[in-house]
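**Q** This is the structure I have questions about; it appears just below.
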Amino acid sequence: MMPTDQGYQNHSVFGEIDRYIAFYESLAHSVFQYVSMGTKAICNIDSYVFSSIQGTLTSIRTILRDGRINDAYALLRKYHDSAVITVYSNLYLKEHFSIENFVVRQIDEWLKGTARLPEYRVMSEYIRKSPSVAPITEVLFADDRYKRLRERCNDHTHYNFYRNVLLNDAEIHLPDRQRALEQFGADVRDVFILHVAYLFFAKGHYMASSDYLDALECGLTPEPDSQYWVAPFVQETFDSIVTRHRPDLAKRIKDHTSMHLT
């Protein structure tokens, strides 16, 4: 198979990546109104992270179209890092912000560019030990899929196997190219699902529809519990991606979130 083959160009992975891109674009816009408590930032800090992730996924789609599966894995590792950073920073703010600690120094200094966040392993371990997200961590890491995913990203980034070198050459016929593309599709989906699942626990209100605030802005009384209604794009994504591919995670999220998922 070569990247010019219809079987490659019409693969379902491209449609799925388009959906992830659209999700982050909508999420970036919808969370902009929320203040990032614990920082001196004027705007919501995650809004720009989400739009940056949208850009990374757009780059992944372009590179995959050209048949550079190996390079796409390097960007997938970046996407995974970005998801972990988002969850870590929000958990850290939530667990360290108080009236006595109005500005959480570690995150605020990262925003100002005067300090780095901890390395990936430290942030990942912090998330996995956080009681705030323990119910979803238990399901996410019930198997070793994310360990194997990270290993694949590293193998591609560092050319640990010669076959990964070949997957970056779009001019040669490779019988395993479609299988590699399918594996990549499963991997990018797993990162997306991890990110969405953790956001429901760490920042559930990010998934809210605009109905509640729209009513307040119009001087109307919001409908009961409308602050817990999820945005249509969130519900659609939850049904088509999370419930379809990880029904165990979908059930755990529904059992623990205050948001009204159908």
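In the structure tokens, the first chain shown is A, the next is B, and so on; residue numbers restart at 1 for each chain, and ligands run from 1 in the order shown.
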Could you give me, as CSV, every region 67-107 of chain A residue with an atom at most 8 Å from region 36-46 of chain A, plus its closest atom pair and distance in Å to one decimal, counting only C-alpha atoms, rows ordered by chain then number?
**A**
```
residue,atom,partner,partner_atom,distance
A:Thr86,CA,A:Asp46,CA,7.0
A:Leu93,CA,A:Gly38,CA,6.0
A:Phe97,CA,A:Gly38,CA,5.4
A:Ser98,CA,A:Gly38,CA,7.9
A:Asn101,CA,A:Gly38,CA,7.8
A:Phe102,CA,A:Gly38,CA,5.5
A:Val103,CA,A:Gly38,CA,4.4
A:Val104,CA,A:Gly38,CA,5.1
A:Arg105,CA,A:Thr39,CA,8.0
A:Ile107,CA,A:Thr39,CA,7.1
```
**Q** Could you please take those selected residues and save N, CA and C atoms as a CSV table (one decimal), in the first residue's frame?
**A**
```
chain,number,residue,atom,x,y,z
A,86,THR,N,-2.8,19.5,30.5
A,86,THR,CA,-4.1,20.1,30.8
A,86,THR,C,-4.7,19.6,32.0
A,93,LEU,N,-4.2,23.2,40.3
A,93,LEU,CA,-4.8,24.4,40.7
A,93,LEU,C,-6.0,24.1,41.7
A,97,PHE,N,-5.3,25.7,45.2
A,97,PHE,CA,-5.9,27.1,45.3
A,97,PHE,C,-6.7,27.2,46.6
A,98,SER,N,-6.6,28.3,47.3
A,98,SER,CA,-7.4,28.6,48.5
A,98,SER,C,-7.4,30.1,48.7
A,101,ASN,N,-4.0,30.9,49.5
A,101,ASN,CA,-3.0,30.6,48.4
A,101,ASN,C,-3.8,31.0,47.1
A,102,PHE,N,-4.0,32.3,47.0
A,102,PHE,CA,-4.9,32.8,45.9
A,102,PHE,C,-4.2,32.6,44.5
A,103,VAL,N,-2.9,32.7,44.5
A,103,VAL,CA,-2.2,32.5,43.2
A,103,VAL,C,-1.3,31.2,43.4
A,104,VAL,N,-1.6,30.2,42.6
A,104,VAL,CA,-0.8,29.0,42.7
A,104,VAL,C,0.5,29.2,42.0
A,105,ARG,N,1.6,29.3,42.7
A,105,ARG,CA,2.9,29.7,42.1
A,105,ARG,C,3.3,28.9,40.9
A,107,ILE,N,1.9,27.0,38.7
A,107,ILE,CA,1.2,27.1,37.4
A,107,ILE,C,1.3,28.6,36.9
```
**Q** Need to verify the contact set: region 3-15 of chain A, 8 Å, only C-alpha atoms, exclusion of same-chain residues closer than 4 positions in sequence. Can you return it as a list in words?
**A**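 Surrounding residues, per the criterion: Arg19, Arg61, Arg65, Asp66, Gly67, Ala170, Gln178, Leu181, Glu182 and Gly185 of chain A.
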**Q** Which of these residues is nearest to Leu167 (chain A), using only C-alpha atoms: A:Gln33, A:Ser47, A:Asn70, A:Thr221?
**A**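 The answer is A:Asn70, which sits nearest to Leu167 (chain A).
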**Q** Among region 52-229 of chain A, which residues carry a DSSP assignment of alpha helix (DSSP H), reported as an MDAnalysis selection string?
**A** chainID A and resid 52:65 69:96 105:112 120:129 134:140 145:157 162:166 177:202 211:217
**Q** Once you have the residues from the selection above, write them out as a tab-separated table (two decimals), in the first residue's frame, restricted to C-alpha atoms.
**A**
```tsv
chain	number	residue	atom	x	y	z
A	52	SER	CA	-3.11	24.45	20.23
A	53	ILE	CA	-4.18	20.79	20.40
A	54	GLN	CA	-6.53	21.49	17.51
A	55	GLY	CA	-3.48	22.68	15.57
A	56	THR	CA	-1.46	19.60	16.48
A	57	LEU	CA	-4.25	17.33	15.27
A	58	THR	CA	-4.49	19.32	12.05
A	59	SER	CA	-0.75	18.78	11.54
A	60	ILE	CA	-1.18	15.07	12.25
A	61	ARG	CA	-3.91	14.83	9.61
A	62	THR	CA	-1.73	16.60	7.02
A	63	ILE	CA	1.28	14.41	7.73
A	64	LEU	CA	-0.79	11.23	7.60
A	65	ARG	CA	-2.24	12.27	4.23
A	69	ILE	CA	3.10	7.68	9.80
A	70	ASN	CA	6.41	7.77	11.63
A	71	ASP	CA	6.35	11.57	11.93
A	72	ALA	CA	2.69	11.45	12.95
A	73	TYR	CA	3.67	9.40	16.00
A	74	ALA	CA	6.06	12.13	17.12
A	75	LEU	CA	3.14	14.56	17.07
A	76	LEU	CA	0.91	12.01	18.78
A	77	ARG	CA	3.38	11.97	21.67
A	78	LYS	CA	3.10	15.78	21.77
A	79	TYR	CA	-0.71	15.49	21.81
A	80	HIS	CA	-0.51	13.00	24.68
A	81	ASP	CA	1.79	15.38	26.56
A	82	SER	CA	-0.66	18.23	25.98
A	83	ALA	CA	-3.57	16.19	27.34
A	84	VAL	CA	-1.57	15.31	30.46
A	85	ILE	CA	-0.51	18.95	30.94
A	86	THR	CA	-4.13	20.12	30.76
A	87	VAL	CA	-5.32	17.60	33.33
A	88	TYR	CA	-2.31	18.10	35.61
A	89	SER	CA	-2.51	21.89	35.64
A	90	ASN	CA	-6.23	21.85	36.42
A	91	LEU	CA	-5.87	19.27	39.18
A	92	TYR	CA	-2.91	21.11	40.67
A	93	LEU	CA	-4.83	24.40	40.67
A	94	LYS	CA	-7.89	22.72	42.18
A	95	GLU	CA	-5.91	21.05	44.94
A	96	HIS	CA	-3.68	24.03	45.84
A	105	ARG	CA	2.86	29.73	42.10
A	106	GLN	CA	3.87	26.68	40.04
A	107	ILE	CA	1.16	27.14	37.41
A	108	ASP	CA	1.31	30.94	37.39
A	109	GLU	CA	5.07	30.93	36.81
A	110	TRP	CA	4.62	28.44	33.98
A	111	LEU	CA	2.12	30.84	32.40
A	112	LYS	CA	4.55	33.74	32.75
A	120	TYR	CA	5.89	14.11	31.93
A	121	ARG	CA	6.37	11.20	34.33
A	122	VAL	CA	5.95	13.41	37.39
A	123	MET	CA	2.75	14.96	36.03
A	124	SER	CA	1.37	11.58	34.99
A	125	GLU	CA	2.06	10.12	38.42
A	126	TYR	CA	0.41	13.12	40.11
A	127	ILE	CA	-2.75	12.54	38.07
A	128	ARG	CA	-2.83	8.84	38.80
A	129	LYS	CA	-2.53	9.48	42.54
A	134	ALA	CA	-9.50	8.18	41.04
A	135	PRO	CA	-12.73	6.59	39.72
A	136	ILE	CA	-11.81	7.25	36.10
A	137	THR	CA	-8.10	6.50	36.57
A	138	GLU	CA	-9.07	3.04	37.81
A	139	VAL	CA	-10.83	2.26	34.53
A	140	LEU	CA	-8.39	4.03	32.20
A	145	ARG	CA	-2.86	0.21	26.64
A	146	TYR	CA	-1.43	3.63	27.55
A	147	LYS	CA	1.92	2.16	28.50
A	148	ARG	CA	2.08	0.39	25.14
A	149	LEU	CA	0.88	3.53	23.34
A	150	ARG	CA	3.67	5.58	24.91
A	151	GLU	CA	6.20	2.93	23.96
A	152	ARG	CA	5.03	3.03	20.34
A	153	CYS	CA	5.37	6.81	20.30
A	154	ASN	CA	8.91	6.56	21.64
A	155	ASP	CA	9.81	3.75	19.23
A	156	HIS	CA	8.74	5.88	16.28
A	157	THR	CA	10.33	9.07	17.59
A	162	TYR	CA	13.94	-0.15	11.25
A	163	ARG	CA	10.34	-0.69	10.15
A	164	ASN	CA	9.51	2.70	11.64
A	165	VAL	CA	12.05	4.28	9.31
A	166	LEU	CA	10.21	2.78	6.33
A	177	ARG	CA	1.16	0.43	5.97
A	178	GLN	CA	-2.60	0.07	6.39
A	179	ARG	CA	-2.16	-1.96	9.57
A	180	ALA	CA	0.14	0.75	10.92
A	181	LEU	CA	-2.45	3.40	9.99
A	182	GLU	CA	-5.16	1.44	11.80
A	183	GLN	CA	-2.96	1.17	14.89
A	184	PHE	CA	-2.30	4.89	14.76
A	185	GLY	CA	-6.04	5.53	14.53
A	186	ALA	CA	-6.65	3.44	17.64
A	187	ASP	CA	-3.83	5.23	19.48
A	188	VAL	CA	-4.97	8.77	18.71
A	189	ARG	CA	-8.51	7.75	19.70
A	190	ASP	CA	-7.25	6.43	23.04
A	191	VAL	CA	-5.51	9.74	23.78
A	192	PHE	CA	-8.66	11.65	22.87
A	193	ILE	CA	-10.82	9.44	25.10
A	194	LEU	CA	-8.37	9.78	28.00
A	195	HIS	CA	-8.47	13.55	27.70
A	196	VAL	CA	-12.26	13.78	27.50
A	197	ALA	CA	-12.74	11.35	30.39
A	198	TYR	CA	-10.40	13.26	32.70
A	199	LEU	CA	-11.94	16.60	31.74
A	200	PHE	CA	-15.37	15.35	32.81
A	201	PHE	CA	-13.93	14.70	36.27
A	202	ALA	CA	-11.52	17.62	36.61
A	211	ASP	CA	-28.29	27.71	27.89
A	212	TYR	CA	-27.77	28.67	31.54
A	213	LEU	CA	-25.55	31.70	30.87
A	214	ASP	CA	-27.60	32.72	27.84
A	215	ALA	CA	-30.69	32.97	30.04
A	216	LEU	CA	-28.87	35.08	32.62
A	217	GLU	CA	-27.51	37.42	29.96
```
**Q** Near region 230-244 of chain A, counting only C-alpha atoms, which residues have an atom at most 6 Å away, once you skip same-chain residues fewer than 3 positions from it, shown as a short mmCIF file (atom, residue, chain, number, x, y, z; two decimals) with C-alpha atoms, in the first residue's frame?
**A**
```
data_model
loop_
_atom_site.label_atom_id
_atom_site.label_comp_id
_atom_site.auth_asym_id
_atom_site.auth_seq_id
_atom_site.Cartn_x
_atom_site.Cartn_y
_atom_site.Cartn_z
CA MET A 207 -18.79 20.49 28.95
CA ALA A 208 -21.82 22.65 29.73
CA SER A 209 -24.12 24.09 27.10
CA PRO A 247 -18.57 1.75 27.08
CA ALA A 250 -18.82 5.97 29.46
#
```
**Q** As an exercise, work out the distance from CA of Leu220 (chain A) to CA of His205 (chain A) in Å and give it to one decimal place.
**A**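 Separating CA of Leu220 (chain A) from CA of His205 (chain A) is a distance of 20.5 Å.
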**Q** So how many Å separate CA of Val31 (chain A) and CA of Tyr206 (chain A), to one decimal?
**A** 5.8 Å
**Q** What is the distance, in Å and to one decimal place, between CA of Val133 (chain A) and CA of Leu261 (chain A)?
**A**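 Interatomic distance, CA of Val133 (chain A) to CA of Leu261 (chain A): 18.1 Å.
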**Q** Do you know which residues are at most 10 Å from Asp225 (chain A) counting only C-alpha atoms, after dropping those on the same chain fewer than 5 positions away, and could you put them as a PyMOL selection string?
**A** chain A and resi 212+258-260
**Q** Output C-alpha atoms for every residue in that selection, as a CSV table (one decimal), in the first residue's frame.
**A**
```
chain,number,residue,atom,x,y,z
A,212,TYR,CA,-27.8,28.7,31.5
A,258,SER,CA,-22.9,16.0,37.7
A,259,MET,CA,-23.4,16.8,34.0
A,260,HIS,CA,-26.5,15.5,32.4
```
